[in-house]
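Reviewing the structure listed below.
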Amino acid sequence: MANFVNNIEEFFTFCEENDVQFVDLRFTDIKGAWHHLTYRYSAVNSENLENGFPFDGSSIEAWQPINKSDMILKPDVPTAFLDPFTADPTVILICDIYDIYEGELYEKCPRSIAKKALKHAEEIGIADAAYFGPENEFFIFDDVKFVDGINEAGYKVDTEEGEWNSNTSYEDMYNTAHRPGTKGGYFPVAPTDSMVDMRAEMMQVLEQVGLEVVLGHHEVAQGQGEIGIVFSDIIGASDNVQKYKYVVKMIAHLNGKTATFMPKPLYGDNGNGMHVHQSLWKKGKNLFYQEGNYGNLSELALNYAAGIFKHAKAVAAFTNASTNSYKRLIPGFEAPSILTYSSQNRSAACRIPYGAGEKATRIEMRFPDSTACPYLAFAVMMMAGLDGIKNKMTPVGPMDEDLFELTLDEIRERGIQQMPHTLREALEGLIADNDFLKPVFTDEMINTYQAYKFERDVFPDEGRPTAYEFKTTYQC
């Protein structure tokens with residue numbers, strides 16, 4: 001879908017036509033969270049749109065020290081769109097972060113890093129365009145409770161679709177008994193699919209904010225859904241993930257529900273992934289296409305996939321960025337952790353979609369999830385893929401059998417790599433293997449990221465007892 005505006009002059013025309021009262025500046029931190037700062041429209045002019053808006057970078061986690069806290073939000077004016085949820089007309093602008101001390105785009109700004117990754121692909125002569133098509137799954141719950149204290153911890157989520165509600169008595173309604181059941185939610189019609197109208201509302205609002213929507217459906221798990229949107233370039237696709245998550249969460253919220261992209265909120269049921277379709281292009285030609293090859297996939301595309309597999313642990317530190325991510329990456333739940341490729345086979349970490357012609361041939365990496373910062377995840381996969389191309393790496397495969405049926409011994413015997421099993425393993429992989437990122441990621445960014453993730457996620461998680469540990473260990 002085309003931009004709503006293309007330049008500053010069109011931006012002001014757009015704002016006047018829509019009686020805009022506020023300008024909301026959005027930016028993304030290293031964990032992928034969207035932040036915002038709102039200006040009155042009357043305070044915005046051509047000069048600050050061109051030169052940027054000041055803000056305090058020390059108040060964003062893992063960014064600037066307080067003695068060097070002044071930073072600049074630089075709006076990308078063609079990203080402008082109207083916020084569909086504010087009471088007063090508000091236009092949103094997605095921004096990059098500018099470092100006034102270095103006089104350049106900030107080294108820890110995820111959006112700026114993704115731009116540098118594309119520029120690197122051009123500079124080394126491999127590609128001038130990179131297209132990404134993320135598929136972000138989500139859950140809609142009716143109620144979520146959790147506690148995390150020194151002497152207690154626990155959580156409870158609920159959805160009317162949960163099979164655990166089969167014997168629930170409701171005060172204001174009867175029990176319909178129409179539920180998908182565990183792993184039974186793929187494509188049922190209403191009333192089993194209770195989210196038809198809500199997904200339709202999400203799809204319509206996503207189009208209002210500039211995404212091109214293709215489809216929506218119930219996913220495999222109870223209370224789980226997905227909406228398919230059209231791919232874009234590496235920056236546009238990352239921007240779209242941020243818009244998508246914002247709209248899904250807000251529509252759920254306004255319907256008295258709560259949405260989450262958490263990878264594994266339900267034990268024993270499928271989790272949320274962010275499958276990522278990707279391809280490289282040069283001078284209008286799809287570099288991943290070679291007619292007659294397996295899946296019509298070119299040798300360059302296989303090199304690209306092999307690069308991602310080679311650096312899988314470091315890649316996972318960004319694409320599967322939470323401790324919860326690795327509770328999803330287990331056999332049997334359509335979350336492949338076996339690093340091989342296959343045509344159509346969803347148990348392989350890399351799938352080649354069926355029936356793709358020259359324009360649509362691509363690879364689909366199925367292990368990422370939505371805890372990833374999209375800009376960083378896409379940039380890291382591309383950098384690993386470019387390294388695979390430069391060094392002519394070859395992936396294991398193709399393998400068309402059900403890989404979930406293989407034992408660990410069989411996987412080892414065939415020499416197939418696996419995804420890391422924990423966030424700690426992924427981060428340690430990043431510490432040991434990051435040279436392939438160095439053309440784009442600075443040492444400061446890599447060190448800050450891994451240290452932040454250890455302090456925020458790994459150490460706190462490892463130090464906490466769980467309910468299952470009480471179940472298995474209390475009577476020791």
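For the structure tokens, the naming scheme is as follows: chains receive sequential letters (A, B, ...) according to their order of presentation, residues are indexed from 1 within each chain, and ligands are indexed from 1 in presentation order.
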
Need the shell around Gln278 (chain A): protein/DNA/RNA residues with any atom at most 6 Å away, counting only C-alpha atoms. Skip same-chain ones fewer than 2 positions apart. Format as a PDB file with N, CA and C atoms, in the first residue's frame?
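For reference, result.pdb as written:
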ATOM      1  N   TYR A 131      13.739  -8.190   0.886  1.00  0.00           N
ATOM      2  CA  TYR A 131      12.314  -8.214   1.218  1.00  0.00           C
ATOM      3  C   TYR A 131      12.050  -9.232   2.325  1.00  0.00           C
ATOM      4  N   PHE A 132      11.204  -8.806   3.273  1.00  0.00           N
ATOM      5  CA  PHE A 132      10.859  -9.643   4.416  1.00  0.00           C
ATOM      6  C   PHE A 132       9.341  -9.692   4.580  1.00  0.00           C
ATOM      7  N   ARG A 362      11.234 -17.687  -2.373  1.00  0.00           N
ATOM      8  CA  ARG A 362      11.797 -17.124  -1.140  1.00  0.00           C
ATOM      9  C   ARG A 362      12.048 -18.260  -0.168  1.00  0.00           C
ATOM     10  N   ILE A 363      12.706 -17.951   0.927  1.00  0.00           N
ATOM     11  CA  ILE A 363      12.817 -18.915   2.017  1.00  0.00           C
ATOM     12  C   ILE A 363      11.998 -18.404   3.200  1.00  0.00           C
TER      13      ILE A 363
END

Quick one: residues within 8 Å of Asn286 (chain A), only C-alpha atoms, excluding same-chain residues fewer than 3 positions away - as a ChimeraX atom specification? /A:279-282,289,358-359,361

Those residues you just picked out, can you put them in a file as a short mmCIF file (atom, residue, chain, number, x, y, z; two decimals), in the first residue's frame with all heavy atoms?
data_model
loop_
_atom_site.label_atom_id
_atom_site.label_comp_id
_atom_site.auth_asym_id
_atom_site.auth_seq_id
_atom_site.Cartn_x
_atom_site.Cartn_y
_atom_site.Cartn_z
N SER A 279 13.95 -12.68 0.92
CA SER A 279 14.64 -12.85 -0.35
C SER A 279 15.49 -11.61 -0.62
O SER A 279 15.19 -10.52 -0.13
CB SER A 279 13.66 -13.07 -1.51
OG SER A 279 12.80 -11.96 -1.66
N LEU A 280 16.55 -11.81 -1.40
CA LEU A 280 17.43 -10.72 -1.83
C LEU A 280 17.23 -10.47 -3.33
O LEU A 280 17.04 -11.41 -4.10
CB LEU A 280 18.89 -11.06 -1.57
CG LEU A 280 19.34 -11.26 -0.12
CD1 LEU A 280 20.82 -11.58 -0.07
CD2 LEU A 280 19.02 -10.04 0.74
N TRP A 281 17.31 -9.20 -3.71
CA TRP A 281 17.12 -8.82 -5.11
C TRP A 281 18.24 -7.89 -5.54
O TRP A 281 18.85 -7.21 -4.73
CB TRP A 281 15.78 -8.10 -5.28
CG TRP A 281 14.58 -8.98 -5.08
CD1 TRP A 281 14.24 -9.66 -3.95
CD2 TRP A 281 13.57 -9.27 -6.05
NE1 TRP A 281 13.07 -10.35 -4.14
CE2 TRP A 281 12.63 -10.12 -5.42
CE3 TRP A 281 13.35 -8.86 -7.36
CZ2 TRP A 281 11.50 -10.60 -6.09
CZ3 TRP A 281 12.23 -9.33 -8.03
CH2 TRP A 281 11.32 -10.19 -7.40
N LYS A 282 18.50 -7.87 -6.86
CA LYS A 282 19.46 -6.94 -7.43
C LYS A 282 19.00 -6.55 -8.84
O LYS A 282 18.72 -7.42 -9.67
CB LYS A 282 20.86 -7.56 -7.48
CG LYS A 282 21.95 -6.60 -7.91
CD LYS A 282 23.33 -7.24 -7.81
CE LYS A 282 24.42 -6.24 -8.16
NZ LYS A 282 25.77 -6.87 -8.07
N TYR A 289 15.93 -17.13 -6.95
CA TYR A 289 15.21 -17.99 -7.91
C TYR A 289 16.15 -18.62 -8.92
O TYR A 289 16.99 -17.94 -9.51
CB TYR A 289 14.16 -17.15 -8.66
CG TYR A 289 13.42 -17.91 -9.74
CD1 TYR A 289 12.41 -18.81 -9.42
CD2 TYR A 289 13.74 -17.71 -11.09
CE1 TYR A 289 11.73 -19.50 -10.40
CE2 TYR A 289 13.06 -18.40 -12.09
CZ TYR A 289 12.06 -19.30 -11.73
OH TYR A 289 11.39 -19.98 -12.71
N GLU A 358 9.04 -17.01 -10.26
CA GLU A 358 10.25 -16.21 -10.19
C GLU A 358 10.13 -15.07 -9.19
O GLU A 358 11.04 -14.81 -8.41
CB GLU A 358 10.61 -15.67 -11.57
CG GLU A 358 11.89 -14.84 -11.58
CD GLU A 358 12.33 -14.46 -12.97
OE1 GLU A 358 11.67 -14.86 -13.94
OE2 GLU A 358 13.35 -13.75 -13.09
N LYS A 359 9.00 -14.37 -9.19
CA LYS A 359 8.87 -13.21 -8.30
C LYS A 359 8.64 -13.61 -6.85
O LYS A 359 8.99 -12.85 -5.94
CB LYS A 359 7.72 -12.33 -8.79
CG LYS A 359 8.00 -11.61 -10.11
CD LYS A 359 6.87 -10.66 -10.47
CE LYS A 359 7.19 -9.91 -11.76
NZ LYS A 359 6.09 -8.97 -12.14
N THR A 361 9.58 -16.65 -5.28
CA THR A 361 10.47 -17.62 -4.66
C THR A 361 11.22 -16.98 -3.49
O THR A 361 11.77 -15.89 -3.61
CB THR A 361 11.48 -18.18 -5.67
OG1 THR A 361 10.76 -18.92 -6.66
CG2 THR A 361 12.48 -19.11 -5.00
#

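Of the listed residues A:Val230, A:Val23, A:Ala372, A:Ala360, the one whose atoms come nearest to Leu287 (chain A) is A:Ala360, with distances taken using only C-alpha atoms.
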
May I have a table of the residues of region 92-206 of chain A lying at most 9 Å from region 55-69 of chain A, giving each one's closest pair of atoms and their distance in Å to one decimal, counting only C-alpha atoms, ordered by chain and ascending residue number, as a tab-separated table?
residue	atom	partner	partner_atom	distance
A:Tyr101	CA	A:Lys68	CA	7.9
A:Lys108	CA	A:Trp63	CA	7.0
A:Cys109	CA	A:Trp63	CA	8.9

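Across A:Met262, A:Val5, A:Leu386, A:Ala80, the tightest approach to Leu25 (chain A) is made by A:Ala80 when counting only C-alpha atoms.
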
Quiz prompt | Picked from region 301-377 of chain A by DSSP as strand (DSSP E or B), as a ChimeraX atom specification | solution = /A:338,341-343,350-352,363-365

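By only C-alpha atoms, and with residues fewer than 2 positions from region 38-42 of chain A along its chain excluded, the set lying at most 9 Å from it is A:Cys15, A:Val20, A:Gln21, A:Phe22, A:Val23, A:Asp24, A:Leu25, A:Arg26, A:His36, A:Val44, A:Asn45, A:Thr90, A:Val91, A:Ile92.
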
Please, could you write that set of residues out with all heavy atoms as an mmCIF file, in the first residue's frame?
data_model
loop_
_atom_site.group_PDB
_atom_site.id
_atom_site.type_symbol
_atom_site.label_atom_id
_atom_site.label_comp_id
_atom_site.auth_asym_id
_atom_site.auth_seq_id
_atom_site.Cartn_x
_atom_site.Cartn_y
_atom_site.Cartn_z
ATOM 1 N N CYS A 15 -2.112 16.723 7.272
ATOM 2 C CA CYS A 15 -2.522 17.109 8.627
ATOM 3 C C CYS A 15 -3.673 18.114 8.597
ATOM 4 O O CYS A 15 -4.626 18.018 9.384
ATOM 5 C CB CYS A 15 -1.338 17.695 9.391
ATOM 6 S SG CYS A 15 -0.071 16.480 9.818
ATOM 7 N N VAL A 20 -5.545 17.516 12.139
ATOM 8 C CA VAL A 20 -4.634 16.918 13.123
ATOM 9 C C VAL A 20 -4.347 17.893 14.255
ATOM 10 O O VAL A 20 -4.050 19.075 14.030
ATOM 11 C CB VAL A 20 -3.324 16.473 12.432
ATOM 12 C CG1 VAL A 20 -2.228 16.191 13.456
ATOM 13 C CG2 VAL A 20 -3.586 15.236 11.575
ATOM 14 N N GLN A 21 -4.436 17.384 15.483
ATOM 15 C CA GLN A 21 -4.169 18.188 16.671
ATOM 16 C C GLN A 21 -2.832 17.834 17.336
ATOM 17 O O GLN A 21 -2.238 18.660 18.016
ATOM 18 C CB GLN A 21 -5.297 17.983 17.692
ATOM 19 C CG GLN A 21 -6.680 18.369 17.178
ATOM 20 C CD GLN A 21 -6.761 19.845 16.861
ATOM 21 O OE1 GLN A 21 -6.407 20.691 17.698
ATOM 22 N NE2 GLN A 21 -7.213 20.181 15.662
ATOM 23 N N PHE A 22 -2.378 16.593 17.116
ATOM 24 C CA PHE A 22 -1.165 16.119 17.777
ATOM 25 C C PHE A 22 -0.294 15.336 16.801
ATOM 26 O O PHE A 22 -0.799 14.661 15.908
ATOM 27 C CB PHE A 22 -1.507 15.232 18.979
ATOM 28 C CG PHE A 22 -2.274 15.939 20.063
ATOM 29 C CD1 PHE A 22 -3.658 15.863 20.125
ATOM 30 C CD2 PHE A 22 -1.602 16.691 21.023
ATOM 31 C CE1 PHE A 22 -4.366 16.519 21.120
ATOM 32 C CE2 PHE A 22 -2.299 17.359 22.021
ATOM 33 C CZ PHE A 22 -3.682 17.277 22.067
ATOM 34 N N VAL A 23 1.025 15.430 17.019
ATOM 35 C CA VAL A 23 1.996 14.654 16.249
ATOM 36 C C VAL A 23 2.716 13.726 17.222
ATOM 37 O O VAL A 23 3.363 14.184 18.165
ATOM 38 C CB VAL A 23 2.998 15.558 15.522
ATOM 39 C CG1 VAL A 23 4.046 14.718 14.794
ATOM 40 C CG2 VAL A 23 2.269 16.478 14.541
ATOM 41 N N ASP A 24 2.579 12.423 16.993
ATOM 42 C CA ASP A 24 3.124 11.416 17.897
ATOM 43 C C ASP A 24 4.380 10.818 17.270
ATOM 44 O O ASP A 24 4.327 10.211 16.200
ATOM 45 C CB ASP A 24 2.080 10.319 18.125
ATOM 46 C CG ASP A 24 2.317 9.555 19.404
ATOM 47 O OD1 ASP A 24 2.441 10.191 20.461
ATOM 48 O OD2 ASP A 24 2.371 8.312 19.352
ATOM 49 N N LEU A 25 5.518 10.991 17.938
ATOM 50 C CA LEU A 25 6.801 10.504 17.446
ATOM 51 C C LEU A 25 7.092 9.138 18.064
ATOM 52 O O LEU A 25 7.158 9.001 19.282
ATOM 53 C CB LEU A 25 7.911 11.491 17.810
ATOM 54 C CG LEU A 25 7.685 12.947 17.380
ATOM 55 C CD1 LEU A 25 8.792 13.837 17.929
ATOM 56 C CD2 LEU A 25 7.601 13.062 15.862
ATOM 57 N N ARG A 26 7.252 8.112 17.225
ATOM 58 C CA ARG A 26 7.456 6.743 17.700
ATOM 59 C C ARG A 26 8.876 6.265 17.378
ATOM 60 O O ARG A 26 9.401 6.533 16.294
ATOM 61 C CB ARG A 26 6.455 5.793 17.030
ATOM 62 C CG ARG A 26 4.987 6.140 17.281
ATOM 63 C CD ARG A 26 4.442 5.441 18.490
ATOM 64 N NE ARG A 26 3.109 5.916 18.813
ATOM 65 C CZ ARG A 26 1.995 5.166 18.723
ATOM 66 N NH1 ARG A 26 2.084 3.917 18.318
ATOM 67 N NH2 ARG A 26 0.829 5.673 19.063
ATOM 68 N N HIS A 36 6.890 6.558 22.617
ATOM 69 C CA HIS A 36 6.366 7.711 21.884
ATOM 70 C C HIS A 36 6.472 9.000 22.694
ATOM 71 O O HIS A 36 6.553 8.999 23.919
ATOM 72 C CB HIS A 36 4.911 7.468 21.453
ATOM 73 C CG HIS A 36 3.899 7.571 22.549
ATOM 74 N ND1 HIS A 36 2.726 8.265 22.427
ATOM 75 C CD2 HIS A 36 3.881 7.068 23.814
ATOM 76 C CE1 HIS A 36 2.023 8.179 23.533
ATOM 77 N NE2 HIS A 36 2.705 7.461 24.393
ATOM 78 N N VAL A 44 4.911 21.952 15.587
ATOM 79 C CA VAL A 44 5.693 21.219 14.592
ATOM 80 C C VAL A 44 5.834 22.059 13.328
ATOM 81 O O VAL A 44 4.850 22.623 12.831
ATOM 82 C CB VAL A 44 5.012 19.870 14.262
ATOM 83 C CG1 VAL A 44 5.747 19.149 13.133
ATOM 84 C CG2 VAL A 44 4.965 18.987 15.513
ATOM 85 N N ASN A 45 7.056 22.160 12.825
ATOM 86 C CA ASN A 45 7.302 22.927 11.602
ATOM 87 C C ASN A 45 8.303 22.183 10.717
ATOM 88 O O ASN A 45 8.834 21.134 11.092
ATOM 89 C CB ASN A 45 7.814 24.329 11.944
ATOM 90 C CG ASN A 45 9.020 24.304 12.860
ATOM 91 O OD1 ASN A 45 9.995 23.591 12.611
ATOM 92 N ND2 ASN A 45 8.972 25.067 13.961
ATOM 93 N N THR A 90 -4.624 12.465 15.595
ATOM 94 C CA THR A 90 -3.188 12.386 15.892
ATOM 95 C C THR A 90 -2.482 11.679 14.746
ATOM 96 O O THR A 90 -2.920 10.604 14.310
ATOM 97 C CB THR A 90 -2.953 11.612 17.205
ATOM 98 O OG1 THR A 90 -3.619 12.294 18.283
ATOM 99 C CG2 THR A 90 -1.475 11.496 17.509
ATOM 100 N N VAL A 91 -1.417 12.267 14.269
ATOM 101 C CA VAL A 91 -0.619 11.634 13.224
ATOM 102 C C VAL A 91 0.639 11.042 13.849
ATOM 103 O O VAL A 91 1.279 11.680 14.702
ATOM 104 C CB VAL A 91 -0.269 12.621 12.088
ATOM 105 C CG1 VAL A 91 0.660 13.730 12.568
ATOM 106 C CG2 VAL A 91 0.349 11.893 10.892
ATOM 107 N N ILE A 92 0.958 9.819 13.473
ATOM 108 C CA ILE A 92 2.130 9.123 13.994
ATOM 109 C C ILE A 92 3.256 9.205 12.969
ATOM 110 O O ILE A 92 3.038 9.014 11.770
ATOM 111 C CB ILE A 92 1.797 7.653 14.301
ATOM 112 C CG1 ILE A 92 0.830 7.568 15.489
ATOM 113 C CG2 ILE A 92 3.063 6.843 14.589
ATOM 114 C CD1 ILE A 92 0.302 6.167 15.754
#

Exercise. Find the spatial neighbours of Arg424 (chain A), counting only C-alpha atoms, within a cut-off of 10 Å - ignore same-chain residues fewer than 6 positions away - and output them as a VMD selection string.
Key: chain A and resid 313 317 322 to 323 430 450 453 to 454 457 to 459 462

Prev. selection, N, CA, C and O atoms, output as a compact mmCIF listing (two decimals), in the first residue's frame:
# COMPACT_ATOMS: atom_id res chain seq x y z
N LYS A 313 23.21 -19.73 16.74
CA LYS A 313 23.15 -19.34 18.15
C LYS A 313 23.17 -17.83 18.29
O LYS A 313 22.36 -17.25 19.03
N ALA A 317 19.94 -15.15 19.48
CA ALA A 317 19.99 -14.14 20.55
C ALA A 317 19.12 -12.94 20.20
O ALA A 317 18.63 -12.23 21.09
N SER A 322 13.85 -14.09 24.26
CA SER A 322 13.37 -14.22 25.64
C SER A 322 13.64 -15.63 26.14
O SER A 322 13.83 -16.57 25.36
N THR A 323 13.63 -15.81 27.45
CA THR A 323 13.74 -17.16 28.01
C THR A 323 12.53 -17.98 27.60
O THR A 323 12.64 -19.20 27.40
N LEU A 430 26.41 -15.66 20.79
CA LEU A 430 26.65 -14.31 20.27
C LEU A 430 28.00 -13.77 20.72
O LEU A 430 28.73 -13.15 19.93
N GLN A 450 24.05 -8.06 24.77
CA GLN A 450 24.18 -9.33 25.49
C GLN A 450 24.18 -9.12 27.00
O GLN A 450 23.57 -9.89 27.74
N LYS A 453 20.60 -8.42 28.14
CA LYS A 453 19.76 -9.62 28.12
C LYS A 453 20.10 -10.56 29.28
O LYS A 453 19.21 -11.18 29.87
N PHE A 454 21.38 -10.68 29.60
CA PHE A 454 21.75 -11.48 30.77
C PHE A 454 21.15 -10.89 32.04
O PHE A 454 20.58 -11.61 32.86
N ASP A 457 16.95 -10.79 31.62
CA ASP A 457 16.20 -12.02 31.35
C ASP A 457 16.84 -13.27 31.95
O ASP A 457 16.17 -14.01 32.67
N VAL A 458 18.11 -13.51 31.65
CA VAL A 458 18.71 -14.80 31.99
C VAL A 458 18.91 -14.97 33.49
O VAL A 458 18.41 -15.94 34.09
N PHE A 459 19.63 -14.05 34.12
CA PHE A 459 19.93 -14.20 35.55
C PHE A 459 18.66 -14.21 36.41
O PHE A 459 18.52 -15.08 37.28
N GLU A 462 16.93 -17.65 35.83
CA GLU A 462 17.66 -18.79 36.40
C GLU A 462 17.62 -18.81 37.92
O GLU A 462 17.75 -19.88 38.54

**Asked** Taking the backbone alone, and naming residues the way the document does, which bits of region 347-408 of chain A are alpha helix (DSSP H) by DSSP, as a PyMOL selection string?
**Response** chain A and resi 374-390+408

For N, CA, C and O atoms, I'd like the residues from the last selection saved as a PDB file, in the first residue's frame.
ATOM      1  N   PRO A 374      12.015  -6.427  15.609  1.00  0.00           N
ATOM      2  CA  PRO A 374      12.018  -6.815  14.190  1.00  0.00           C
ATOM      3  C   PRO A 374      13.179  -6.251  13.394  1.00  0.00           C
ATOM      4  O   PRO A 374      13.746  -6.939  12.540  1.00  0.00           O
ATOM      5  N   TYR A 375      13.554  -5.006  13.662  1.00  0.00           N
ATOM      6  CA  TYR A 375      14.672  -4.395  12.925  1.00  0.00           C
ATOM      7  C   TYR A 375      15.961  -5.188  13.154  1.00  0.00           C
ATOM      8  O   TYR A 375      16.710  -5.468  12.214  1.00  0.00           O
ATOM      9  N   LEU A 376      16.222  -5.555  14.402  1.00  0.00           N
ATOM     10  CA  LEU A 376      17.434  -6.291  14.722  1.00  0.00           C
ATOM     11  C   LEU A 376      17.367  -7.720  14.196  1.00  0.00           C
ATOM     12  O   LEU A 376      18.347  -8.243  13.652  1.00  0.00           O
ATOM     13  N   ALA A 377      16.218  -8.367  14.342  1.00  0.00           N
ATOM     14  CA  ALA A 377      16.075  -9.747  13.888  1.00  0.00           C
ATOM     15  C   ALA A 377      16.296  -9.859  12.388  1.00  0.00           C
ATOM     16  O   ALA A 377      17.028 -10.736  11.912  1.00  0.00           O
ATOM     17  N   PHE A 378      15.669  -8.967  11.622  1.00  0.00           N
ATOM     18  CA  PHE A 378      15.813  -9.033  10.168  1.00  0.00           C
ATOM     19  C   PHE A 378      17.244  -8.687   9.754  1.00  0.00           C
ATOM     20  O   PHE A 378      17.814  -9.319   8.865  1.00  0.00           O
ATOM     21  N   ALA A 379      17.830  -7.701  10.418  1.00  0.00           N
ATOM     22  CA  ALA A 379      19.208  -7.306  10.090  1.00  0.00           C
ATOM     23  C   ALA A 379      20.189  -8.435  10.397  1.00  0.00           C
ATOM     24  O   ALA A 379      21.102  -8.710   9.608  1.00  0.00           O
ATOM     25  N   VAL A 380      20.011  -9.106  11.534  1.00  0.00           N
ATOM     26  CA  VAL A 380      20.925 -10.183  11.919  1.00  0.00           C
ATOM     27  C   VAL A 380      20.804 -11.359  10.958  1.00  0.00           C
ATOM     28  O   VAL A 380      21.814 -11.942  10.537  1.00  0.00           O
ATOM     29  N   MET A 381      19.579 -11.743  10.608  1.00  0.00           N
ATOM     30  CA  MET A 381      19.423 -12.835   9.644  1.00  0.00           C
ATOM     31  C   MET A 381      20.061 -12.473   8.311  1.00  0.00           C
ATOM     32  O   MET A 381      20.722 -13.311   7.673  1.00  0.00           O
ATOM     33  N   MET A 382      19.888 -11.231   7.876  1.00  0.00           N
ATOM     34  CA  MET A 382      20.467 -10.834   6.599  1.00  0.00           C
ATOM     35  C   MET A 382      21.997 -10.831   6.676  1.00  0.00           C
ATOM     36  O   MET A 382      22.667 -11.282   5.739  1.00  0.00           O
ATOM     37  N   MET A 383      22.564 -10.346   7.761  1.00  0.00           N
ATOM     38  CA  MET A 383      24.017 -10.330   7.894  1.00  0.00           C
ATOM     39  C   MET A 383      24.582 -11.754   7.914  1.00  0.00           C
ATOM     40  O   MET A 383      25.626 -12.033   7.312  1.00  0.00           O
ATOM     41  N   ALA A 384      23.895 -12.668   8.610  1.00  0.00           N
ATOM     42  CA  ALA A 384      24.327 -14.065   8.617  1.00  0.00           C
ATOM     43  C   ALA A 384      24.209 -14.662   7.224  1.00  0.00           C
ATOM     44  O   ALA A 384      25.093 -15.404   6.767  1.00  0.00           O
ATOM     45  N   GLY A 385      23.107 -14.347   6.529  1.00  0.00           N
ATOM     46  CA  GLY A 385      22.907 -14.846   5.182  1.00  0.00           C
ATOM     47  C   GLY A 385      23.954 -14.318   4.217  1.00  0.00           C
ATOM     48  O   GLY A 385      24.466 -15.064   3.360  1.00  0.00           O
ATOM     49  N   LEU A 386      24.290 -13.049   4.333  1.00  0.00           N
ATOM     50  CA  LEU A 386      25.323 -12.465   3.473  1.00  0.00           C
ATOM     51  C   LEU A 386      26.677 -13.132   3.717  1.00  0.00           C
ATOM     52  O   LEU A 386      27.453 -13.364   2.782  1.00  0.00           O
ATOM     53  N   ASP A 387      26.950 -13.467   4.982  1.00  0.00           N
ATOM     54  CA  ASP A 387      28.190 -14.165   5.291  1.00  0.00           C
ATOM     55  C   ASP A 387      28.199 -15.551   4.650  1.00  0.00           C
ATOM     56  O   ASP A 387      29.237 -16.013   4.150  1.00  0.00           O
ATOM     57  N   GLY A 388      27.045 -16.199   4.643  1.00  0.00           N
ATOM     58  CA  GLY A 388      26.931 -17.490   3.978  1.00  0.00           C
ATOM     59  C   GLY A 388      27.175 -17.398   2.489  1.00  0.00           C
ATOM     60  O   GLY A 388      27.794 -18.284   1.884  1.00  0.00           O
ATOM     61  N   ILE A 389      26.692 -16.305   1.871  1.00  0.00           N
ATOM     62  CA  ILE A 389      26.905 -16.090   0.436  1.00  0.00           C
ATOM     63  C   ILE A 389      28.385 -15.833   0.159  1.00  0.00           C
ATOM     64  O   ILE A 389      28.971 -16.417  -0.764  1.00  0.00           O
ATOM     65  N   LYS A 390      28.983 -14.960   0.948  1.00  0.00           N
ATOM     66  CA  LYS A 390      30.391 -14.613   0.726  1.00  0.00           C
ATOM     67  C   LYS A 390      31.295 -15.833   0.857  1.00  0.00           C
ATOM     68  O   LYS A 390      32.283 -15.965   0.130  1.00  0.00           O
ATOM     69  N   LEU A 408      17.191 -37.579  19.243  1.00  0.00           N
ATOM     70  CA  LEU A 408      18.384 -36.740  19.359  1.00  0.00           C
ATOM     71  C   LEU A 408      19.608 -37.454  18.795  1.00  0.00           C
ATOM     72  O   LEU A 408      20.464 -36.834  18.156  1.00  0.00           O
TER      73      LEU A 408
END

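Nearest-residue note for Gly307 (chain A): choosing from A:Thr340, A:Ala432, A:Asp19, A:Ile411, the minimum distance belongs to A:Thr340, counting only C-alpha atoms.
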
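Taking CA of Gly256 (chain A) and CA of Met203 (chain A) as the two end points, the separation is 17.8 Å.
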
**Message:** So that I can check the surroundings of region 110-122 of chain A, please list as a PyMOL selection string every protein, DNA and RNA residue that reaches within 8 Å of it, counting only C-alpha atoms and ignoring chain neighbours fewer than 2 positions away.
**Reply:** chain A and resi 28-30+96-97+105-108+124-130+234-235+373+375-376+378-379+382-383+386+439-441

With distances taken over only C-alpha atoms, the candidate from A:Leu406, A:Glu299, A:Glu364, A:Thr442 nearest Met393 (chain A) is A:Glu299

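Here CA of Ala312 (chain A) stands at a distance of 21.9 Å from CA of Glu137 (chain A).
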
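Here CA of Asn270 (chain A) and CA of Glu161 (chain A) stand 14.2 Å from one another.
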